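Asker: Structure: entry.pdb, PDB, N, CA and C atoms and all ligand atoms.
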MODEL        1
ATOM      1  N   MET A   1     -23.169  18.779  29.871
ATOM      2  CA  MET A   1     -22.107  17.807  29.606
ATOM      3  C   MET A   1     -21.259  18.284  28.432
ATOM      4  N   ASN A   2     -19.968  18.211  28.609
ATOM      5  CA  ASN A   2     -19.045  18.581  27.525
ATOM      6  C   ASN A   2     -18.766  17.330  26.703
ATOM      7  N   PHE A   3     -19.459  17.236  25.553
ATOM      8  CA  PHE A   3     -19.361  16.018  24.746
ATOM      9  C   PHE A   3     -17.944  15.785  24.232
ATOM     10  N   GLY A   4     -17.302  16.865  23.797
ATOM     11  CA  GLY A   4     -15.931  16.735  23.288
ATOM     12  C   GLY A   4     -15.002  16.185  24.346
ATOM     13  N   GLU A   5     -15.138  16.694  25.564
ATOM     14  CA  GLU A   5     -14.291  16.216  26.656
ATOM     15  C   GLU A   5     -14.599  14.751  26.963
ATOM     16  N   THR A   6     -15.874  14.384  26.905
ATOM     17  CA  THR A   6     -16.247  12.993  27.150
ATOM     18  C   THR A   6     -15.609  12.071  26.113
ATOM     19  N   LEU A   7     -15.636  12.498  24.842
ATOM     20  CA  LEU A   7     -15.031  11.676  23.796
ATOM     21  C   LEU A   7     -13.538  11.522  24.010
ATOM     22  N   ARG A   8     -12.901  12.610  24.438
ATOM     23  CA  ARG A   8     -11.453  12.541  24.657
ATOM     24  C   ARG A   8     -11.111  11.611  25.814
ATOM     25  N   THR A   9     -11.914  11.653  26.856
ATOM     26  CA  THR A   9     -11.573  10.863  28.032
ATOM     27  C   THR A   9     -12.156   9.453  27.988
ATOM     28  N   HIS A  10     -13.221   9.271  27.224
ATOM     29  CA  HIS A  10     -13.841   7.953  27.091
ATOM     30  C   HIS A  10     -14.063   7.658  25.610
ATOM     31  N   PRO A  11     -13.013   7.448  24.872
ATOM     32  CA  PRO A  11     -13.171   7.264  23.428
ATOM     33  C   PRO A  11     -13.992   6.018  23.111
ATOM     34  N   ILE A  12     -14.811   6.151  22.078
ATOM     35  CA  ILE A  12     -15.636   5.025  21.642
ATOM     36  C   ILE A  12     -14.743   3.962  21.015
ATOM     37  N   LEU A  13     -13.773   4.415  20.232
ATOM     38  CA  LEU A  13     -12.847   3.498  19.588
ATOM     39  C   LEU A  13     -11.431   3.814  20.052
ATOM     40  N   SER A  14     -10.643   2.776  20.185
ATOM     41  CA  SER A  14      -9.242   2.999  20.527
ATOM     42  C   SER A  14      -8.518   3.559  19.301
ATOM     43  N   GLU A  15      -7.318   4.079  19.512
ATOM     44  CA  GLU A  15      -6.521   4.603  18.399
ATOM     45  C   GLU A  15      -6.283   3.525  17.337
ATOM     46  N   GLU A  16      -6.023   2.296  17.777
ATOM     47  CA  GLU A  16      -5.784   1.188  16.844
ATOM     48  C   GLU A  16      -7.046   0.871  16.051
ATOM     49  N   GLU A  17      -8.200   0.936  16.726
ATOM     50  CA  GLU A  17      -9.461   0.660  16.027
ATOM     51  C   GLU A  17      -9.757   1.732  14.985
ATOM     52  N   VAL A  18      -9.466   2.983  15.329
ATOM     53  CA  VAL A  18      -9.669   4.073  14.363
ATOM     54  C   VAL A  18      -8.777   3.858  13.146
ATOM     55  N   GLN A  19      -7.517   3.487  13.371
ATOM     56  CA  GLN A  19      -6.593   3.243  12.259
ATOM     57  C   GLN A  19      -7.079   2.084  11.399
ATOM     58  N   ALA A  20      -7.574   1.026  12.017
ATOM     59  CA  ALA A  20      -8.055  -0.138  11.272
ATOM     60  C   ALA A  20      -9.247   0.239  10.399
ATOM     61  N   VAL A  21     -10.177   1.019  10.957
ATOM     62  CA  VAL A  21     -11.351   1.438  10.184
ATOM     63  C   VAL A  21     -10.909   2.337   9.026
ATOM     64  N   ARG A  22     -10.005   3.272   9.312
ATOM     65  CA  ARG A  22      -9.511   4.182   8.263
ATOM     66  C   ARG A  22      -8.860   3.391   7.129
ATOM     67  N   SER A  23      -8.071   2.384   7.494
ATOM     68  CA  SER A  23      -7.384   1.574   6.492
ATOM     69  C   SER A  23      -8.390   0.835   5.612
ATOM     70  N   GLU A  24      -9.429   0.277   6.235
ATOM     71  CA  GLU A  24     -10.452  -0.452   5.467
ATOM     72  C   GLU A  24     -11.190   0.481   4.523
ATOM     73  N   VAL A  25     -11.533   1.682   5.000
ATOM     74  CA  VAL A  25     -12.250   2.648   4.164
ATOM     75  C   VAL A  25     -11.380   3.063   2.978
ATOM     76  N   GLU A  26     -10.096   3.302   3.235
ATOM     77  CA  GLU A  26      -9.206   3.707   2.149
ATOM     78  C   GLU A  26      -9.099   2.627   1.091
ATOM     79  N   LYS A  27      -9.075   1.369   1.531
ATOM     80  CA  LYS A  27      -9.004   0.285   0.552
ATOM     81  C   LYS A  27     -10.239   0.285  -0.340
ATOM     82  N   LEU A  28     -11.380   0.632   0.252
ATOM     83  CA  LEU A  28     -12.625   0.613  -0.512
ATOM     84  C   LEU A  28     -12.711   1.780  -1.489
ATOM     85  N   VAL A  29     -12.187   2.936  -1.112
ATOM     86  CA  VAL A  29     -12.365   4.122  -1.954
ATOM     87  C   VAL A  29     -11.204   4.364  -2.914
ATOM     88  N   GLN A  30     -10.053   3.738  -2.698
ATOM     89  CA  GLN A  30      -8.919   3.961  -3.585
ATOM     90  C   GLN A  30      -8.893   2.909  -4.685
ATOM     91  N   HIS A  31      -8.591   3.373  -5.888
ATOM     92  CA  HIS A  31      -8.460   2.452  -7.014
ATOM     93  C   HIS A  31      -7.137   2.741  -7.719
ATOM     94  N   PRO A  32      -6.452   1.686  -8.146
ATOM     95  CA  PRO A  32      -5.195   1.919  -8.855
ATOM     96  C   PRO A  32      -5.442   2.641 -10.177
ATOM     97  N   ALA A  33      -4.570   3.564 -10.518
ATOM     98  CA  ALA A  33      -4.655   4.290 -11.784
ATOM     99  C   ALA A  33      -3.245   4.649 -12.222
ATOM    100  N   VAL A  34      -3.058   4.804 -13.518
ATOM    101  CA  VAL A  34      -1.744   5.145 -14.060
ATOM    102  C   VAL A  34      -1.258   6.454 -13.443
ATOM    103  N   GLY A  35      -0.042   6.427 -12.936
ATOM    104  CA  GLY A  35       0.552   7.615 -12.335
ATOM    105  C   GLY A  35       0.468   7.651 -10.820
ATOM    106  N   ARG A  36      -0.365   6.791 -10.222
ATOM    107  CA  ARG A  36      -0.439   6.768  -8.750
ATOM    108  C   ARG A  36       0.845   6.143  -8.197
ATOM    109  N   ILE A  37       1.252   6.619  -7.037
ATOM    110  CA  ILE A  37       2.440   6.082  -6.379
ATOM    111  C   ILE A  37       2.002   5.057  -5.333
ATOM    112  N   VAL A  38       2.635   3.887  -5.388
ATOM    113  CA  VAL A  38       2.322   2.793  -4.453
ATOM    114  C   VAL A  38       3.636   2.234  -3.909
ATOM    115  N   HIS A  39       3.541   1.210  -3.098
ATOM    116  CA  HIS A  39       4.728   0.490  -2.645
ATOM    117  C   HIS A  39       4.807  -0.860  -3.351
ATOM    118  N   PHE A  40       5.996  -1.182  -3.813
ATOM    119  CA  PHE A  40       6.280  -2.509  -4.360
ATOM    120  C   PHE A  40       7.158  -3.225  -3.345
ATOM    121  N   VAL A  41       6.836  -4.478  -3.024
ATOM    122  CA  VAL A  41       7.640  -5.231  -2.054
ATOM    123  C   VAL A  41       8.758  -5.948  -2.801
ATOM    124  N   GLY A  42       9.941  -5.372  -2.692
ATOM    125  CA  GLY A  42      11.117  -5.971  -3.304
ATOM    126  C   GLY A  42      11.956  -6.652  -2.242
ATOM    127  N   GLU A  43      13.247  -6.793  -2.531
ATOM    128  CA  GLU A  43      14.134  -7.414  -1.553
ATOM    129  C   GLU A  43      15.386  -6.553  -1.439
ATOM    130  N   ASP A  44      15.943  -6.552  -0.240
ATOM    131  CA  ASP A  44      17.101  -5.706   0.040
ATOM    132  C   ASP A  44      18.368  -6.552   0.003
ATOM    133  N   PRO A  45      19.200  -6.394  -1.037
ATOM    134  CA  PRO A  45      20.405  -7.222  -1.155
ATOM    135  C   PRO A  45      21.398  -6.992  -0.023
ATOM    136  N   GLU A  46      21.289  -5.861   0.655
ATOM    137  CA  GLU A  46      22.219  -5.593   1.757
ATOM    138  C   GLU A  46      21.705  -6.131   3.082
ATOM    139  N   ARG A  47      20.501  -6.702   3.085
ATOM    140  CA  ARG A  47      19.944  -7.290   4.319
ATOM    141  C   ARG A  47      19.441  -8.698   4.032
ATOM    142  N   GLU A  48      20.321  -9.485   3.423
ATOM    143  CA  GLU A  48      20.023 -10.890   3.121
ATOM    144  C   GLU A  48      18.717 -11.029   2.364
ATOM    145  N   TYR A  49      18.462 -10.087   1.476
ATOM    146  CA  TYR A  49      17.289 -10.108   0.588
ATOM    147  C   TYR A  49      15.975 -10.110   1.352
ATOM    148  N   ALA A  50      15.972  -9.431   2.502
ATOM    149  CA  ALA A  50      14.734  -9.287   3.272
ATOM    150  C   ALA A  50      13.748  -8.444   2.472
ATOM    151  N   PRO A  51      12.438  -8.684   2.645
ATOM    152  CA  PRO A  51      11.444  -7.875   1.944
ATOM    153  C   PRO A  51      11.563  -6.410   2.342
ATOM    154  N   VAL A  52      11.411  -5.531   1.360
ATOM    155  CA  VAL A  52      11.513  -4.096   1.625
ATOM    156  C   VAL A  52      10.537  -3.354   0.708
ATOM    157  N   CYS A  53       9.913  -2.298   1.244
ATOM    158  CA  CYS A  53       9.005  -1.482   0.444
ATOM    159  C   CYS A  53       9.813  -0.527  -0.424
ATOM    160  N   ARG A  54       9.479  -0.482  -1.719
ATOM    161  CA  ARG A  54      10.086   0.478  -2.631
ATOM    162  C   ARG A  54       8.977   1.326  -3.234
ATOM    163  N   ALA A  55       9.248   2.610  -3.412
ATOM    164  CA  ALA A  55       8.278   3.473  -4.083
ATOM    165  C   ALA A  55       8.160   3.030  -5.539
ATOM    166  N   ALA A  56       6.949   3.073  -6.069
ATOM    167  CA  ALA A  56       6.737   2.644  -7.454
ATOM    168  C   ALA A  56       5.587   3.449  -8.061
ATOM    169  N   ILE A  57       5.681   3.670  -9.349
ATOM    170  CA  ILE A  57       4.637   4.392 -10.078
ATOM    171  C   ILE A  57       3.891   3.393 -10.955
ATOM    172  N   ILE A  58       2.565   3.437 -10.876
ATOM    173  CA  ILE A  58       1.754   2.548 -11.702
ATOM    174  C   ILE A  58       1.850   3.001 -13.164
ATOM    175  N   THR A  59       2.256   2.071 -14.038
ATOM    176  CA  THR A  59       2.373   2.398 -15.467
ATOM    177  C   THR A  59       1.269   1.772 -16.293
ATOM    178  N   GLU A  60       0.574   0.777 -15.744
ATOM    179  CA  GLU A  60      -0.528   0.147 -16.469
ATOM    180  C   GLU A  60      -1.427  -0.541 -15.450
ATOM    181  N   VAL A  61      -2.709  -0.498 -15.695
ATOM    182  CA  VAL A  61      -3.675  -1.141 -14.788
ATOM    183  C   VAL A  61      -4.425  -2.213 -15.568
ATOM    184  N   GLY A  62      -4.651  -3.324 -14.898
ATOM    185  CA  GLY A  62      -5.488  -4.357 -15.506
ATOM    186  C   GLY A  62      -4.751  -5.300 -16.421
ATOM    187  N   ALA A  63      -3.445  -5.368 -16.295
ATOM    188  CA  ALA A  63      -2.689  -6.283 -17.136
ATOM    189  C   ALA A  63      -1.945  -7.269 -16.255
ATOM    190  N   PRO A  64      -2.021  -8.535 -16.513
ATOM    191  CA  PRO A  64      -2.816  -9.140 -17.585
ATOM    192  C   PRO A  64      -4.221  -9.479 -17.106
ATOM    193  N   LEU A  65      -5.011  -9.985 -17.990
ATOM    194  CA  LEU A  65      -6.306 -10.600 -17.704
ATOM    195  C   LEU A  65      -7.383  -9.621 -17.236
ATOM    196  N   GLY A  66      -7.150  -8.333 -17.343
ATOM    197  CA  GLY A  66      -8.197  -7.377 -17.015
ATOM    198  C   GLY A  66      -8.501  -7.249 -15.536
ATOM    199  N   ASP A  67      -7.642  -7.817 -14.691
ATOM    200  CA  ASP A  67      -7.836  -7.682 -13.249
ATOM    201  C   ASP A  67      -7.394  -6.293 -12.837
ATOM    202  N   GLU A  68      -8.319  -5.445 -12.392
ATOM    203  CA  GLU A  68      -7.966  -4.051 -12.124
ATOM    204  C   GLU A  68      -7.060  -3.879 -10.915
ATOM    205  N   GLU A  69      -6.877  -4.919 -10.126
ATOM    206  CA  GLU A  69      -5.948  -4.843  -9.001
ATOM    207  C   GLU A  69      -4.551  -5.288  -9.415
ATOM    208  N   CYS A  70      -4.411  -5.773 -10.667
ATOM    209  CA  CYS A  70      -3.122  -6.236 -11.167
ATOM    210  C   CYS A  70      -2.514  -5.109 -12.005
ATOM    211  N   VAL A  71      -1.294  -4.691 -11.672
ATOM    212  CA  VAL A  71      -0.721  -3.504 -12.311
ATOM    213  C   VAL A  71       0.698  -3.767 -12.802
ATOM    214  N   ALA A  72       1.163  -2.893 -13.686
ATOM    215  CA  ALA A  72       2.577  -2.831 -14.059
ATOM    216  C   ALA A  72       3.173  -1.622 -13.353
ATOM    217  N   LEU A  73       4.439  -1.762 -12.931
ATOM    218  CA  LEU A  73       5.063  -0.730 -12.108
ATOM    219  C   LEU A  73       6.448  -0.345 -12.612
ATOM    220  N   ALA A  74       6.789   0.942 -12.454
ATOM    221  CA  ALA A  74       8.167   1.410 -12.551
ATOM    222  C   ALA A  74       8.631   1.575 -11.112
ATOM    223  N   VAL A  75       9.548   0.720 -10.697
ATOM    224  CA  VAL A  75       9.969   0.664  -9.296
ATOM    225  C   VAL A  75      11.239   1.482  -9.093
ATOM    226  N   LEU A  76      11.205   2.343  -8.089
ATOM    227  CA  LEU A  76      12.360   3.186  -7.781
ATOM    228  C   LEU A  76      13.176   2.523  -6.679
ATOM    229  N   ASN A  77      14.212   1.787  -7.085
ATOM    230  CA  ASN A  77      15.116   1.168  -6.113
ATOM    231  C   ASN A  77      16.162   2.191  -5.712
ATOM    232  N   ARG A  78      16.947   1.868  -4.706
ATOM    233  CA  ARG A  78      17.924   2.831  -4.201
ATOM    234  C   ARG A  78      18.960   3.196  -5.258
ATOM    235  N   THR A  79      19.370   2.224  -6.089
ATOM    236  CA  THR A  79      20.442   2.495  -7.043
ATOM    237  C   THR A  79      19.992   2.403  -8.496
ATOM    238  N   GLY A  80      18.700   2.352  -8.729
ATOM    239  CA  GLY A  80      18.223   2.293 -10.100
ATOM    240  C   GLY A  80      16.767   1.911 -10.165
ATOM    241  N   MET A  81      16.256   1.884 -11.389
ATOM    242  CA  MET A  81      14.843   1.547 -11.577
ATOM    243  C   MET A  81      14.704   0.125 -12.098
ATOM    244  N   SER A  82      13.565  -0.472 -11.806
ATOM    245  CA  SER A  82      13.233  -1.747 -12.426
ATOM    246  C   SER A  82      11.776  -1.681 -12.841
ATOM    247  N   PHE A  83      11.392  -2.565 -13.713
ATOM    248  CA  PHE A  83      10.024  -2.563 -14.225
ATOM    249  C   PHE A  83       9.403  -3.919 -13.950
ATOM    250  N   GLU A  84       8.220  -3.889 -13.364
ATOM    251  CA  GLU A  84       7.548  -5.116 -12.961
ATOM    252  C   GLU A  84       6.202  -5.199 -13.678
ATOM    253  N   LEU A  85       5.889  -6.389 -14.166
ATOM    254  CA  LEU A  85       4.618  -6.600 -14.857
ATOM    255  C   LEU A  85       3.776  -7.571 -14.051
ATOM    256  N   GLY A  86       2.480  -7.401 -14.111
ATOM    257  CA  GLY A  86       1.573  -8.357 -13.486
ATOM    258  C   GLY A  86       1.699  -8.427 -11.983
ATOM    259  N   CYS A  87       1.830  -7.278 -11.314
ATOM    260  CA  CYS A  87       1.944  -7.271  -9.856
ATOM    261  C   CYS A  87       0.562  -7.341  -9.219
ATOM    262  N   ALA A  88       0.399  -8.288  -8.320
ATOM    263  CA  ALA A  88      -0.882  -8.442  -7.614
ATOM    264  C   ALA A  88      -0.938  -7.490  -6.427
ATOM    265  N   HIS A  89      -2.144  -7.105  -6.061
ATOM    266  CA  HIS A  89      -2.368  -6.244  -4.904
ATOM    267  C   HIS A  89      -2.410  -7.105  -3.649
ATOM    268  N   ASP A  90      -1.632  -6.744  -2.641
ATOM    269  CA  ASP A  90      -1.629  -7.493  -1.382
ATOM    270  C   ASP A  90      -1.490  -6.493  -0.242
ATOM    271  N   GLU A  91      -2.617  -6.062   0.279
ATOM    272  CA  GLU A  91      -2.617  -5.025   1.315
ATOM    273  C   GLU A  91      -2.373  -5.607   2.707
ATOM    274  N   ASP A  92      -2.572  -6.907   2.871
ATOM    275  CA  ASP A  92      -2.546  -7.490   4.207
ATOM    276  C   ASP A  92      -1.209  -8.139   4.551
ATOM    277  N   SER A  93      -0.805  -9.160   3.800
ATOM    278  CA  SER A  93       0.438  -9.846   4.164
ATOM    279  C   SER A  93       1.653  -9.241   3.469
ATOM    280  N   LYS A  94       1.446  -8.464   2.393
ATOM    281  CA  LYS A  94       2.535  -7.727   1.742
ATOM    282  C   LYS A  94       3.713  -8.641   1.403
ATOM    283  N   VAL A  95       3.413  -9.712   0.692
ATOM    284  CA  VAL A  95       4.476 -10.634   0.295
ATOM    285  C   VAL A  95       5.279 -10.023  -0.858
ATOM    286  N   ARG A  96       6.440 -10.597  -1.128
ATOM    287  CA  ARG A  96       7.327 -10.106  -2.186
ATOM    288  C   ARG A  96       6.615 -10.072  -3.534
ATOM    289  N   ASP A  97       7.051  -9.113  -4.345
ATOM    290  CA  ASP A  97       6.572  -8.942  -5.720
ATOM    291  C   ASP A  97       5.102  -8.556  -5.807
ATOM    292  N   THR A  98       4.550  -8.003  -4.726
ATOM    293  CA  THR A  98       3.187  -7.477  -4.774
ATOM    294  C   THR A  98       3.242  -5.971  -4.494
ATOM    295  N   TRP A  99       2.098  -5.305  -4.666
ATOM    296  CA  TRP A  99       2.051  -3.872  -4.370
ATOM    297  C   TRP A  99       0.978  -3.616  -3.318
ATOM    298  N   HIS A 100       1.114  -2.459  -2.629
ATOM    299  CA  HIS A 100       0.106  -1.993  -1.665
ATOM    300  C   HIS A 100       0.176  -0.481  -1.585
ATOM    301  N   TRP A 101      -0.871   0.123  -1.030
ATOM    302  CA  TRP A 101      -0.870   1.566  -0.836
ATOM    303  C   TRP A 101       0.146   1.923   0.237
ATOM    304  N   PRO A 102       0.838   3.052   0.116
ATOM    305  CA  PRO A 102       1.828   3.434   1.121
ATOM    306  C   PRO A 102       1.204   3.503   2.519
ATOM    307  N   GLU A 103       1.944   2.985   3.498
ATOM    308  CA  GLU A 103       1.481   2.990   4.874
ATOM    309  C   GLU A 103       1.397   4.430   5.373
ATOM    310  N   ARG A 104       0.419   4.675   6.226
ATOM    311  CA  ARG A 104       0.354   5.984   6.884
ATOM    312  C   ARG A 104       1.378   6.013   8.014
ATOM    313  N   VAL A 105       2.099   7.116   8.126
ATOM    314  CA  VAL A 105       3.101   7.230   9.196
ATOM    315  C   VAL A 105       2.807   8.448  10.041
TER     316      VAL A 105
HETATM  317 ZN    ZN A 201       4.885  -0.427   2.187
ENDMDL
END
As structure tokens - that is how I would like this structure written.

Answerer:
Amino acid sequence: MNFGETLRTHPILSEEEVQAVRSEVEKLVQHPAVGRIVHFVGEDPEREYAPVCRAAIITEVGAPLGDEECVALAVLNRTGMSFELGCAHDEDSKVRDTWHWPERV
């Protein structure tokens, strides 16, 4: 039996399931640290202020209140930078003014 061929033709997990597991594992093994690049959910003034992901660099971790998932960010907007304090981590619903790890594409 060709095991590799069997896996290809009868996968144990679907592509979506593999992505979901990978995403969960990454959340468990990644920790915010100064200098890491993340996404900040801002708003796009040219699209009726719809939520939009902006690249951001973590400038401080654990502020305020020592919550290690709460960070300060230098946000790279299209036409300039902004600085955000006390950003909460939101990997699931990605609401405005929160941060998350960049999506895999
Ligand atoms: Zn994003």

Asker: Quick one: DSSP strand (DSSP E) residues in segment 22-78 of chain A, as a ChimeraX atom specification?

Answerer: /A:37-44,50-61,71-77

Asker: Which residues, named as in the file, does the PyMOL selection byres (((not hetatm)) within 6.5 of (chain A and resi 201)) pick out? Answer as a VMD selection string.

Answerer: chain A and resid 39 to 40 53 to 54 100 to 103

Asker: Which neighbours of segment 76-90 of chain A fall inside 7 Å, counting only N, CA and C atoms, when residues of the same chain fewer than 4 positions from it are skipped, and could you give them as JSON, numbers by chain?

Answerer: {"A": [54, 55, 56, 57, 63, 64, 69, 70, 71, 72, 94, 95, 97, 98, 99, 100, 101]}

Asker: To one decimal place in Å, what is the distance between atom CA of Gln30 of chain A and atom CA of Glu68 of chain A?

Answerer: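 Atom CA of Glu68 of chain A lies 11.7 Å from atom CA of Gln30 of chain A.
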
Asker: Could you give me the centre and size, in Å to one decimal, of an axis-aligned box around all listed atoms of segment 76-85 of chain A with 4 Å added on every side, as lines of an AutoDock Vina configuration file?

Answerer:
center_x = 12.1
center_y = -2.2
center_z = -9.5
size_x = 24.7
size_y = 18.8
size_z = 18.7

Asker: Given the file shown, determine the residues that the PyMOL selection byres (((chain A and resi 52) around 6.5) and not hetatm) selects; report them as an mmCIF file with N, CA and C atoms, keeping the file's coordinate frame.

Answerer:
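The result, written out as expr.cif:
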data_model
loop_
_atom_site.group_PDB
_atom_site.id
_atom_site.type_symbol
_atom_site.label_atom_id
_atom_site.label_comp_id
_atom_site.auth_asym_id
_atom_site.auth_seq_id
_atom_site.Cartn_x
_atom_site.Cartn_y
_atom_site.Cartn_z
ATOM 1 N N PHE A 40 5.996 -1.182 -3.813
ATOM 2 C CA PHE A 40 6.280 -2.509 -4.360
ATOM 3 C C PHE A 40 7.158 -3.225 -3.345
ATOM 4 N N VAL A 41 6.836 -4.478 -3.024
ATOM 5 C CA VAL A 41 7.640 -5.231 -2.054
ATOM 6 C C VAL A 41 8.758 -5.948 -2.801
ATOM 7 N N GLY A 42 9.941 -5.372 -2.692
ATOM 8 C CA GLY A 42 11.117 -5.971 -3.304
ATOM 9 C C GLY A 42 11.956 -6.652 -2.242
ATOM 10 N N GLU A 43 13.247 -6.793 -2.531
ATOM 11 C CA GLU A 43 14.134 -7.414 -1.553
ATOM 12 C C GLU A 43 15.386 -6.553 -1.439
ATOM 13 N N ASP A 44 15.943 -6.552 -0.240
ATOM 14 C CA ASP A 44 17.101 -5.706 0.040
ATOM 15 C C ASP A 44 18.368 -6.552 0.003
ATOM 16 N N TYR A 49 18.462 -10.087 1.476
ATOM 17 C CA TYR A 49 17.289 -10.108 0.588
ATOM 18 C C TYR A 49 15.975 -10.110 1.352
ATOM 19 N N ALA A 50 15.972 -9.431 2.502
ATOM 20 C CA ALA A 50 14.734 -9.287 3.272
ATOM 21 C C ALA A 50 13.748 -8.444 2.472
ATOM 22 N N PRO A 51 12.438 -8.684 2.645
ATOM 23 C CA PRO A 51 11.444 -7.875 1.944
ATOM 24 C C PRO A 51 11.563 -6.410 2.342
ATOM 25 N N CYS A 53 9.913 -2.298 1.244
ATOM 26 C CA CYS A 53 9.005 -1.482 0.444
ATOM 27 C C CYS A 53 9.813 -0.527 -0.424
ATOM 28 N N ARG A 54 9.479 -0.482 -1.719
ATOM 29 C CA ARG A 54 10.086 0.478 -2.631
ATOM 30 C C ARG A 54 8.977 1.326 -3.234
#

Asker: How many Å lie between atom CA of Gly35 of chain A and atom CA of Glu60 of chain A, rounded to one decimal?

Answerer: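 Atom-to-atom, atom CA of Gly35 of chain A and atom CA of Glu60 of chain A are spaced 8.6 Å apart.
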
Asker: From a DSSP calculation on the backbone, collect every residue of chain A in helix (DSSP H, G or I) and output the set as a PyMOL selection string.

Answerer: chain A and resi 3-9+15-29+45-47

Asker: Which of these residues is nearest to Val61 of chain A, using only N, CA and C atoms: A:Val75, A:Val21, A:Leu13, A:Val34?

Answerer: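 Going through A:Val75, A:Val21, A:Leu13, A:Val34 one by one, the smallest distance to Val61 of chain A is for A:Val34.
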
Asker: Atom CA of Glu48 of chain A and atom C of Val105 of chain A, how far apart in Å?

Answerer: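 So the answer is 26.8 Å.
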
Asker: Give the answer as one residue: which of A:Arg47, A:His31, A:Arg36, A:Arg96 has the shortest atom-to-atom distance to Asp67 of chain A, using only C-alpha atoms?

Answerer: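 Between A:Arg47, A:His31, A:Arg36, A:Arg96, the residue approaching Asp67 of chain A most closely is A:His31.
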
Asker: Of the candidates A:Glu46, A:Ile58, A:Arg104, A:Gly66, which one gets nearest to Glu26 of chain A if we count only C-alpha atoms?

Answerer: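 So, comparing all the options, the nearest one is A:Arg104.
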